[in-house]
$ cat entry37.cif   # mmCIF, C-alpha atoms
data_protein
loop_
_atom_site.group_PDB
_atom_site.id
_atom_site.type_symbol
_atom_site.label_atom_id
_atom_site.label_comp_id
_atom_site.auth_asym_id
_atom_site.auth_seq_id
_atom_site.Cartn_x
_atom_site.Cartn_y
_atom_site.Cartn_z
ATOM 1 C CA MET L 1 1.806 -39.861 11.039
ATOM 2 C CA PRO L 2 1.591 -37.740 7.866
ATOM 3 C CA THR L 3 1.766 -33.992 8.062
ATOM 4 C CA GLN L 4 -1.615 -32.294 7.982
ATOM 5 C CA THR L 5 -1.446 -29.412 5.533
ATOM 6 C CA ALA L 6 -3.865 -26.595 4.787
ATOM 7 C CA MET L 7 -3.293 -24.787 1.499
ATOM 8 C CA ILE L 8 -5.335 -21.606 1.581
ATOM 9 C CA TYR L 9 -5.523 -19.461 -1.510
ATOM 10 C CA ALA L 10 -7.063 -16.320 -2.958
ATOM 11 C CA THR L 11 -7.469 -16.016 -6.695
ATOM 12 C CA VAL L 12 -9.112 -13.511 -9.007
ATOM 13 C CA ASP L 13 -9.163 -15.390 -12.309
ATOM 14 C CA GLY L 14 -8.372 -18.950 -11.175
ATOM 15 C CA HIS L 15 -4.663 -19.178 -11.936
ATOM 16 C CA THR L 16 -3.521 -19.205 -8.308
ATOM 17 C CA LYS L 17 -5.829 -22.171 -7.714
ATOM 18 C CA LYS L 18 -4.220 -23.929 -10.692
ATOM 19 C CA ILE L 19 -0.794 -23.385 -9.114
ATOM 20 C CA CYS L 20 -2.124 -24.730 -5.804
ATOM 21 C CA GLN L 21 -3.394 -27.843 -7.565
ATOM 22 C CA LYS L 22 0.092 -28.482 -8.964
ATOM 23 C CA LEU L 23 1.618 -28.008 -5.505
ATOM 24 C CA ILE L 24 -0.922 -30.493 -4.093
ATOM 25 C CA GLU L 25 0.116 -33.011 -6.780
ATOM 26 C CA VAL L 26 3.755 -32.643 -5.763
ATOM 27 C CA LEU L 27 2.910 -33.060 -2.076
ATOM 28 C CA LYS L 28 0.900 -36.197 -2.874
ATOM 29 C CA GLU L 29 3.917 -37.600 -4.730
ATOM 30 C CA HIS L 30 5.716 -37.236 -1.385
ATOM 31 C CA GLU L 31 2.765 -38.928 0.372
ATOM 32 C CA GLN L 32 1.723 -35.647 1.979
ATOM 33 C CA PRO L 33 -1.895 -34.906 1.180
ATOM 34 C CA ALA L 34 -3.159 -31.366 1.672
ATOM 35 C CA ASP L 35 -6.537 -29.712 1.984
ATOM 36 C CA LEU L 36 -7.060 -27.056 -0.685
ATOM 37 C CA ILE L 37 -9.238 -24.276 0.727
ATOM 38 C CA SER L 38 -10.358 -21.030 -0.875
ATOM 39 C CA ILE L 39 -10.061 -18.018 1.417
ATOM 40 C CA GLU L 40 -13.771 -17.562 0.715
ATOM 41 C CA ASP L 41 -14.499 -20.938 2.335
ATOM 42 C CA PHE L 42 -11.905 -21.015 5.116
ATOM 43 C CA ASP L 43 -13.427 -20.983 8.600
ATOM 44 C CA GLY L 44 -10.259 -19.702 10.293
ATOM 45 C CA ASP L 45 -9.577 -22.935 12.188
ATOM 46 C CA PHE L 46 -5.959 -24.101 11.929
ATOM 47 C CA SER L 47 -6.220 -26.571 14.818
ATOM 48 C CA GLY L 48 -6.161 -29.679 12.602
ATOM 49 C CA TYR L 49 -3.046 -28.594 10.717
ATOM 50 C CA ASP L 50 0.645 -28.513 11.488
ATOM 51 C CA ARG L 51 1.599 -26.876 8.178
ATOM 52 C CA VAL L 52 -0.122 -23.923 6.488
ATOM 53 C CA ILE L 53 0.590 -22.744 2.945
ATOM 54 C CA ILE L 54 -0.951 -19.474 1.778
ATOM 55 C CA GLY L 55 -1.073 -18.417 -1.859
ATOM 56 C CA ALA L 56 -2.430 -15.155 -3.192
ATOM 57 C CA SER L 57 -2.583 -13.343 -6.479
ATOM 58 C CA ILE L 58 -2.082 -9.652 -7.087
ATOM 59 C CA ARG L 59 -4.654 -7.368 -8.625
ATOM 60 C CA TYR L 60 -3.865 -3.671 -8.957
ATOM 61 C CA GLY L 61 -0.771 -3.992 -6.829
ATOM 62 C CA VAL L 62 -2.210 -5.679 -3.735
ATOM 63 C CA HIS L 63 -2.885 -9.151 -2.420
ATOM 64 C CA ASP L 64 -6.436 -10.130 -1.502
ATOM 65 C CA LYS L 65 -7.596 -8.240 1.589
ATOM 66 C CA LYS L 66 -9.034 -11.432 3.122
ATOM 67 C CA ILE L 67 -5.597 -13.066 2.966
ATOM 68 C CA ILE L 68 -4.052 -10.044 4.680
ATOM 69 C CA GLU L 69 -6.800 -10.082 7.308
ATOM 70 C CA LEU L 70 -6.291 -13.808 7.914
ATOM 71 C CA ILE L 71 -2.552 -13.353 8.385
ATOM 72 C CA ASN L 72 -2.975 -10.365 10.698
ATOM 73 C CA THR L 73 -5.685 -11.937 12.864
ATOM 74 C CA LYS L 74 -4.201 -15.444 13.018
ATOM 75 C CA GLN L 75 -0.511 -14.576 13.213
ATOM 76 C CA PRO L 76 0.098 -16.236 16.625
ATOM 77 C CA GLU L 77 -1.402 -19.490 15.324
ATOM 78 C CA LEU L 78 0.560 -19.244 12.084
ATOM 79 C CA GLU L 79 3.770 -18.736 14.044
ATOM 80 C CA SER L 80 3.138 -21.979 15.937
ATOM 81 C CA LYS L 81 3.138 -23.966 12.669
ATOM 82 C CA ARG L 82 5.375 -24.549 9.678
ATOM 83 C CA THR L 83 4.276 -22.019 7.081
ATOM 84 C CA ALA L 84 4.835 -20.914 3.516
ATOM 85 C CA PHE L 85 3.566 -18.087 1.362
ATOM 86 C CA PHE L 86 3.587 -17.583 -2.374
ATOM 87 C CA SER L 87 2.515 -14.688 -4.543
ATOM 88 C CA VAL L 88 1.278 -14.884 -8.130
ATOM 89 C CA ASN L 89 1.686 -11.772 -10.250
ATOM 90 C CA LEU L 90 2.499 -10.675 -13.775
ATOM 91 C CA VAL L 91 5.473 -8.552 -12.739
ATOM 92 C CA ALA L 92 7.222 -11.852 -11.916
ATOM 93 C CA ARG L 93 7.276 -12.584 -15.669
ATOM 94 C CA LYS L 94 10.453 -10.519 -15.730
ATOM 95 C CA PRO L 95 13.463 -12.535 -14.533
ATOM 96 C CA GLU L 96 14.795 -9.629 -12.495
ATOM 97 C CA LYS L 97 11.497 -9.443 -10.562
ATOM 98 C CA SER L 98 10.759 -13.147 -10.205
ATOM 99 C CA SER L 99 12.131 -13.812 -6.719
ATOM 100 C CA PRO L 100 10.608 -12.842 -3.366
ATOM 101 C CA GLU L 101 13.581 -10.554 -2.731
ATOM 102 C CA THR L 102 13.201 -8.664 -6.019
ATOM 103 C CA ASN L 103 9.453 -8.719 -6.648
ATOM 104 C CA PRO L 104 8.137 -5.282 -5.644
ATOM 105 C CA TYR L 105 4.725 -6.606 -4.606
ATOM 106 C CA VAL L 106 6.187 -9.262 -2.318
ATOM 107 C CA VAL L 107 8.719 -6.841 -0.841
ATOM 108 C CA LYS L 108 5.932 -4.314 -0.170
ATOM 109 C CA PHE L 109 3.654 -7.028 1.262
ATOM 110 C CA PHE L 110 6.207 -8.130 3.838
ATOM 111 C CA LYS L 111 6.839 -4.515 4.855
ATOM 112 C CA THR L 112 3.158 -4.186 5.802
ATOM 113 C CA ILE L 113 2.876 -7.344 7.929
ATOM 114 C CA THR L 114 5.009 -8.862 10.691
ATOM 115 C CA TRP L 115 4.442 -12.563 9.912
ATOM 116 C CA LYS L 116 7.545 -14.336 8.647
ATOM 117 C CA PRO L 117 6.727 -17.656 6.924
ATOM 118 C CA ASP L 118 9.359 -20.382 6.725
ATOM 119 C CA LEU L 119 9.283 -20.395 2.919
ATOM 120 C CA VAL L 120 8.348 -17.673 0.427
ATOM 121 C CA GLU L 121 8.133 -17.881 -3.351
ATOM 122 C CA THR L 122 6.917 -15.802 -6.276
ATOM 123 C CA PHE L 123 5.380 -17.101 -9.483
ATOM 124 C CA ALA L 124 4.501 -15.363 -12.705
ATOM 125 C CA GLY L 125 0.809 -15.579 -13.461
ATOM 126 C CA MET L 126 -1.322 -15.625 -16.566
ATOM 127 C CA LEU L 127 -2.461 -12.806 -18.810
ATOM 128 C CA GLU L 128 -5.886 -13.498 -20.272
ATOM 129 C CA TYR L 129 -7.351 -10.297 -21.716
ATOM 130 C CA PRO L 130 -10.479 -11.866 -23.306
ATOM 131 C CA LYS L 131 -11.558 -13.132 -19.876
ATOM 132 C CA TYR L 132 -11.376 -9.732 -18.164
ATOM 133 C CA SER L 133 -14.131 -7.176 -17.807
ATOM 134 C CA PHE L 134 -13.812 -4.053 -19.957
ATOM 135 C CA PHE L 135 -12.494 -2.066 -16.990
ATOM 136 C CA ASP L 136 -9.934 -4.712 -15.933
ATOM 137 C CA ARG L 137 -8.798 -5.264 -19.514
ATOM 138 C CA THR L 138 -8.292 -1.521 -19.982
ATOM 139 C CA MET L 139 -6.435 -1.068 -16.703
ATOM 140 C CA ILE L 140 -4.236 -4.132 -17.174
ATOM 141 C CA ARG L 141 -3.405 -3.050 -20.739
ATOM 142 C CA LEU L 142 -2.340 0.328 -19.369
ATOM 143 C CA ILE L 143 -0.172 -1.329 -16.729
ATOM 144 C CA MET L 144 1.317 -3.674 -19.333
ATOM 145 C CA TRP L 145 2.005 -0.743 -21.655
ATOM 146 C CA MET L 146 3.854 1.023 -18.834
ATOM 147 C CA THR L 147 5.863 -2.133 -18.041
ATOM 148 C CA LYS L 148 6.520 -3.005 -21.703
ATOM 149 C CA GLY L 149 4.288 -6.067 -21.673
ATOM 150 C CA PRO L 150 1.767 -7.259 -24.270
ATOM 151 C CA THR L 151 -1.187 -4.944 -24.854
ATOM 152 C CA ASP L 152 -3.060 -6.722 -27.662
ATOM 153 C CA PRO L 153 -6.553 -7.278 -26.173
ATOM 154 C CA LYS L 154 -6.631 -10.784 -27.685
ATOM 155 C CA THR L 155 -3.512 -11.886 -25.800
ATOM 156 C CA VAL L 156 -3.696 -15.040 -23.700
ATOM 157 C CA LYS L 157 -0.294 -15.915 -22.280
ATOM 158 C CA GLU L 158 0.719 -18.090 -19.385
ATOM 159 C CA TYR L 159 3.986 -16.932 -17.825
ATOM 160 C CA THR L 160 4.128 -19.516 -15.031
ATOM 161 C CA ASN L 161 7.308 -21.553 -14.827
ATOM 162 C CA TRP L 162 5.860 -24.945 -13.876
ATOM 163 C CA ASP L 163 9.298 -26.387 -13.095
ATOM 164 C CA LYS L 164 9.696 -23.638 -10.498
ATOM 165 C CA VAL L 165 6.261 -24.514 -9.070
ATOM 166 C CA ALA L 166 7.234 -28.201 -8.840
ATOM 167 C CA ALA L 167 10.547 -27.293 -7.166
ATOM 168 C CA PHE L 168 8.676 -25.205 -4.604
ATOM 169 C CA GLY L 169 6.341 -28.141 -4.018
ATOM 170 C CA ALA L 170 9.365 -30.320 -3.276
ATOM 171 C CA ARG L 171 10.636 -27.684 -0.823
ATOM 172 C CA LEU L 172 7.197 -27.678 0.831
ATOM 173 C CA ALA L 173 7.375 -31.453 1.216
ATOM 174 C CA GLU L 174 10.571 -30.983 3.246
ATOM 175 C CA LEU L 175 9.065 -28.220 5.408
#
$ encode --input "entry37.cif" --output "structure tokens"
Amino acid sequence: MPTQTAMIYATVDGHTKKICQKLIEVLKEHEQPADLISIEDFDGDFSGYDRVIIGASIRYGVHDKKIIELINTKQPELESKRTAFFSVNLVARKPEKSSPETNPYVVKFFKTITWKPDLVETFAGMLEYPKYSFFDRTMIRLIMWMTKGPTDPKTVKEYTNWDKVAAFGARLAEL
């Protein structure tokens, strides 16, 4: 019987969903279909799943509060299943901050919760200034200036390493 997988995600600008879609493709290649569910649409019921994958993006240094709430309120259920977590953030564009052990947002995240997933990964996201509101564009430019990233308001740059995403998908298939 195939593994029943829920892939629950939170995204601000859609890039985390795009990463989830690639992971779903990889799982399908291994004959392991998965249900892709936005945190906005998830009803909190894990009973039909034996594997749960959670993906969340960072905005202003934190993961989506609904993802954190889900993890904190459903931790006993999560611990009874095979689980994985991945974070999508622009800090991961830097090689020295691209692993779960070195990414400050992921390190901080796991210091604030007690859940320990079986697999954890970090992916660099996408910078898309023209898509952002004036406030977000201004704040993200300031953050990028401080971290020596691109600040041109016309910049659109995808930092995601898709080979790394595919490799994580293969690791998920073995989970």
$ resolve_selection --input "entry37.cif" --expression "the PyMOL selection byres ((chain L and resi 64) around 12)" --output "PDB file with C-alpha atoms, in the coordinates of the input"
ATOM      1  CA  ILE L   8      -5.335 -21.606   1.581  1.00  0.00           C
ATOM      2  CA  TYR L   9      -5.523 -19.461  -1.510  1.00  0.00           C
ATOM      3  CA  ALA L  10      -7.063 -16.320  -2.958  1.00  0.00           C
ATOM      4  CA  THR L  11      -7.469 -16.016  -6.695  1.00  0.00           C
ATOM      5  CA  VAL L  12      -9.112 -13.511  -9.007  1.00  0.00           C
ATOM      6  CA  THR L  16      -3.521 -19.205  -8.308  1.00  0.00           C
ATOM      7  CA  SER L  38     -10.358 -21.030  -0.875  1.00  0.00           C
ATOM      8  CA  ILE L  39     -10.061 -18.018   1.417  1.00  0.00           C
ATOM      9  CA  GLU L  40     -13.771 -17.562   0.715  1.00  0.00           C
ATOM     10  CA  ILE L  54      -0.951 -19.474   1.778  1.00  0.00           C
ATOM     11  CA  GLY L  55      -1.073 -18.417  -1.859  1.00  0.00           C
ATOM     12  CA  ALA L  56      -2.430 -15.155  -3.192  1.00  0.00           C
ATOM     13  CA  SER L  57      -2.583 -13.343  -6.479  1.00  0.00           C
ATOM     14  CA  ILE L  58      -2.082  -9.652  -7.087  1.00  0.00           C
ATOM     15  CA  ARG L  59      -4.654  -7.368  -8.625  1.00  0.00           C
ATOM     16  CA  TYR L  60      -3.865  -3.671  -8.957  1.00  0.00           C
ATOM     17  CA  GLY L  61      -0.771  -3.992  -6.829  1.00  0.00           C
ATOM     18  CA  VAL L  62      -2.210  -5.679  -3.735  1.00  0.00           C
ATOM     19  CA  HIS L  63      -2.885  -9.151  -2.420  1.00  0.00           C
ATOM     20  CA  LYS L  65      -7.596  -8.240   1.589  1.00  0.00           C
ATOM     21  CA  LYS L  66      -9.034 -11.432   3.122  1.00  0.00           C
ATOM     22  CA  ILE L  67      -5.597 -13.066   2.966  1.00  0.00           C
ATOM     23  CA  ILE L  68      -4.052 -10.044   4.680  1.00  0.00           C
ATOM     24  CA  GLU L  69      -6.800 -10.082   7.308  1.00  0.00           C
ATOM     25  CA  LEU L  70      -6.291 -13.808   7.914  1.00  0.00           C
ATOM     26  CA  ILE L  71      -2.552 -13.353   8.385  1.00  0.00           C
ATOM     27  CA  SER L  87       2.515 -14.688  -4.543  1.00  0.00           C
ATOM     28  CA  VAL L  88       1.278 -14.884  -8.130  1.00  0.00           C
ATOM     29  CA  PHE L 109       3.654  -7.028   1.262  1.00  0.00           C
TER      30      PHE L 109
END
$ closest_residue --input "entry37.cif" --among "L:Ala6, L:Arg141, L:Ala124, L:Asn89" --to "Phe42 of chain L" --atoms "all atoms listed in the file"
L:Ala6
$ closest_residue --input "entry37.cif" --among "L:Val165, L:Met126, L:Leu172, L:Met139" --to "Ile53 of chain L" --atoms "all atoms listed in the file"
L:Leu172
$ residues_near_point --input "entry37.cif" --point "(-5.5, -23.9, 12.3)" --cutoff "10 Å" --atoms "all atoms listed in the file" --output "ChimeraX atom specification"
/L:5-6,43-52,74,77-78,80-81
$ atom_distance --input "entry37.cif" --atom1 "atom CA of Gly14 of chain L" --atom2 "atom CA of Ala173 of chain L"
23.6 Å
$ atom_distance --input "entry37.cif" --atom1 "atom CA of Thr102 of chain L" --atom2 "atom CA of Leu90 of chain L"
13.4 Å
$ closest_residue --input "entry37.cif" --among "L:Phe123, L:Tyr105, L:Tyr129, L:Trp115" --to "Met144 of chain L" --atoms "all atoms listed in the file"
L:Tyr129
$ closest_residue --input "entry37.cif" --among "L:Leu27, L:Asn161, L:Thr114, L:Leu36" --to "Ala92 of chain L" --atoms "only C-alpha atoms"
L:Asn161
$ atom_distance --input "entry37.cif" --atom1 "atom CA of Phe86 of chain L" --atom2 "atom CA of Asp41 of chain L"
19.0 Å
$ residues_around --input "entry37.cif" --residues "Leu175 of chain L" --least-positions-apart "2" --cutoff "9 Å" --atoms "all atoms listed in the file" --output "PDB file with C-alpha atoms, in the coordinates of the input"
ATOM      1  CA  ARG L  51       1.599 -26.876   8.178  1.00  0.00           C
ATOM      2  CA  ARG L  82       5.375 -24.549   9.678  1.00  0.00           C
ATOM      3  CA  THR L  83       4.276 -22.019   7.081  1.00  0.00           C
ATOM      4  CA  ALA L  84       4.835 -20.914   3.516  1.00  0.00           C
ATOM      5  CA  ASP L 118       9.359 -20.382   6.725  1.00  0.00           C
ATOM      6  CA  LEU L 119       9.283 -20.395   2.919  1.00  0.00           C
ATOM      7  CA  ALA L 170       9.365 -30.320  -3.276  1.00  0.00           C
ATOM      8  CA  ARG L 171      10.636 -27.684  -0.823  1.00  0.00           C
ATOM      9  CA  LEU L 172       7.197 -27.678   0.831  1.00  0.00           C
ATOM     10  CA  ALA L 173       7.375 -31.453   1.216  1.00  0.00           C
TER      11      ALA L 173
END
$ build_atoms --input "entry37.cif" --residues "segment 110-121 of chain L" --atoms "all heavy atoms" --output "mmCIF file, in the coordinates of the input"
data_model
loop_
_atom_site.group_PDB
_atom_site.id
_atom_site.type_symbol
_atom_site.label_atom_id
_atom_site.label_comp_id
_atom_site.auth_asym_id
_atom_site.auth_seq_id
_atom_site.Cartn_x
_atom_site.Cartn_y
_atom_site.Cartn_z
ATOM 1 N N PHE L 110 5.553 -7.768 2.587
ATOM 2 C CA PHE L 110 6.207 -8.130 3.838
ATOM 3 C C PHE L 110 6.649 -6.916 4.661
ATOM 4 O O PHE L 110 6.968 -7.064 5.837
ATOM 5 C CB PHE L 110 7.356 -9.115 3.599
ATOM 6 C CG PHE L 110 6.841 -10.507 3.407
ATOM 7 C CD1 PHE L 110 6.825 -11.089 2.155
ATOM 8 C CD2 PHE L 110 6.326 -11.230 4.469
ATOM 9 C CE1 PHE L 110 6.316 -12.371 1.963
ATOM 10 C CE2 PHE L 110 5.812 -12.498 4.307
ATOM 11 C CZ PHE L 110 5.806 -13.072 3.053
ATOM 12 N N LYS L 111 6.600 -5.732 4.075
ATOM 13 C CA LYS L 111 6.839 -4.515 4.855
ATOM 14 C C LYS L 111 5.585 -4.094 5.612
ATOM 15 O O LYS L 111 5.661 -3.316 6.553
ATOM 16 C CB LYS L 111 7.310 -3.377 3.945
ATOM 17 C CG LYS L 111 8.741 -3.516 3.517
ATOM 18 C CD LYS L 111 9.181 -2.339 2.657
ATOM 19 C CE LYS L 111 10.646 -2.501 2.274
ATOM 20 N NZ LYS L 111 11.089 -1.428 1.372
ATOM 21 N N THR L 112 4.417 -4.604 5.170
ATOM 22 C CA THR L 112 3.158 -4.186 5.802
ATOM 23 C C THR L 112 2.645 -5.190 6.831
ATOM 24 O O THR L 112 1.652 -4.911 7.502
ATOM 25 C CB THR L 112 2.060 -3.972 4.738
ATOM 26 O OG1 THR L 112 1.775 -5.221 4.097
ATOM 27 C CG2 THR L 112 2.474 -2.938 3.722
ATOM 28 N N ILE L 113 3.287 -6.348 6.936
ATOM 29 C CA ILE L 113 2.876 -7.344 7.929
ATOM 30 C C ILE L 113 4.109 -7.758 8.738
ATOM 31 O O ILE L 113 5.236 -7.497 8.329
ATOM 32 C CB ILE L 113 2.225 -8.585 7.273
ATOM 33 C CG1 ILE L 113 3.223 -9.314 6.361
ATOM 34 C CG2 ILE L 113 0.968 -8.201 6.506
ATOM 35 C CD1 ILE L 113 2.739 -10.654 5.869
ATOM 36 N N THR L 114 3.875 -8.424 9.875
ATOM 37 C CA THR L 114 5.009 -8.862 10.691
ATOM 38 C C THR L 114 5.220 -10.368 10.640
ATOM 39 O O THR L 114 6.228 -10.862 11.139
ATOM 40 C CB THR L 114 4.828 -8.415 12.160
ATOM 41 O OG1 THR L 114 3.595 -8.929 12.651
ATOM 42 C CG2 THR L 114 4.852 -6.902 12.265
ATOM 43 N N TRP L 115 4.304 -11.105 10.049
ATOM 44 C CA TRP L 115 4.442 -12.563 9.912
ATOM 45 C C TRP L 115 5.623 -12.898 9.012
ATOM 46 O O TRP L 115 5.823 -12.283 7.967
ATOM 47 C CB TRP L 115 3.144 -13.130 9.335
ATOM 48 C CG TRP L 115 3.170 -14.586 8.993
ATOM 49 C CD1 TRP L 115 3.476 -15.624 9.823
ATOM 50 C CD2 TRP L 115 2.841 -15.171 7.728
ATOM 51 N NE1 TRP L 115 3.356 -16.817 9.147
ATOM 52 C CE2 TRP L 115 2.972 -16.570 7.854
ATOM 53 C CE3 TRP L 115 2.459 -14.653 6.493
ATOM 54 C CZ2 TRP L 115 2.723 -17.444 6.807
ATOM 55 C CZ3 TRP L 115 2.212 -15.528 5.447
ATOM 56 C CH2 TRP L 115 2.340 -16.908 5.605
ATOM 57 N N LYS L 116 6.389 -13.880 9.419
ATOM 58 C CA LYS L 116 7.545 -14.336 8.647
ATOM 59 C C LYS L 116 7.388 -15.837 8.389
ATOM 60 O O LYS L 116 7.745 -16.652 9.240
ATOM 61 C CB LYS L 116 8.854 -14.084 9.411
ATOM 62 C CG LYS L 116 9.089 -12.621 9.763
ATOM 63 C CD LYS L 116 9.444 -11.810 8.546
ATOM 64 C CE LYS L 116 9.770 -10.388 8.928
ATOM 65 N NZ LYS L 116 8.977 -9.402 8.254
ATOM 66 N N PRO L 117 6.863 -16.227 7.226
ATOM 67 C CA PRO L 117 6.727 -17.656 6.924
ATOM 68 C C PRO L 117 8.093 -18.314 6.747
ATOM 69 O O PRO L 117 9.088 -17.642 6.473
ATOM 70 C CB PRO L 117 5.926 -17.669 5.626
ATOM 71 C CG PRO L 117 6.153 -16.337 5.015
ATOM 72 C CD PRO L 117 6.402 -15.380 6.145
ATOM 73 N N ASP L 118 8.111 -19.629 6.885
ATOM 74 C CA ASP L 118 9.359 -20.382 6.725
ATOM 75 C C ASP L 118 9.856 -20.368 5.284
ATOM 76 O O ASP L 118 11.066 -20.356 5.047
ATOM 77 C CB ASP L 118 9.156 -21.830 7.181
ATOM 78 C CG ASP L 118 8.758 -21.905 8.647
ATOM 79 O OD1 ASP L 118 9.538 -21.441 9.493
ATOM 80 O OD2 ASP L 118 7.662 -22.424 8.942
ATOM 81 N N LEU L 119 8.939 -20.417 4.341
ATOM 82 C CA LEU L 119 9.283 -20.395 2.919
ATOM 83 C C LEU L 119 8.448 -19.334 2.217
ATOM 84 O O LEU L 119 7.266 -19.157 2.530
ATOM 85 C CB LEU L 119 8.992 -21.745 2.260
ATOM 86 C CG LEU L 119 9.815 -22.953 2.668
ATOM 87 C CD1 LEU L 119 9.294 -24.196 1.948
ATOM 88 C CD2 LEU L 119 11.282 -22.740 2.363
ATOM 89 N N VAL L 120 9.060 -18.662 1.243
ATOM 90 C CA VAL L 120 8.348 -17.673 0.427
ATOM 91 C C VAL L 120 8.775 -17.883 -1.024
ATOM 92 O O VAL L 120 9.948 -18.133 -1.303
ATOM 93 C CB VAL L 120 8.686 -16.225 0.857
ATOM 94 C CG1 VAL L 120 7.947 -15.216 -0.016
ATOM 95 C CG2 VAL L 120 8.361 -16.002 2.328
ATOM 96 N N GLU L 121 7.813 -17.762 -1.930
ATOM 97 C CA GLU L 121 8.133 -17.881 -3.351
ATOM 98 C C GLU L 121 7.236 -16.940 -4.147
ATOM 99 O O GLU L 121 6.199 -16.484 -3.655
ATOM 100 C CB GLU L 121 7.957 -19.319 -3.832
ATOM 101 C CG GLU L 121 8.511 -19.597 -5.210
ATOM 102 C CD GLU L 121 9.968 -19.191 -5.390
ATOM 103 O OE1 GLU L 121 10.855 -20.009 -5.120
ATOM 104 O OE2 GLU L 121 10.202 -18.025 -5.810
#
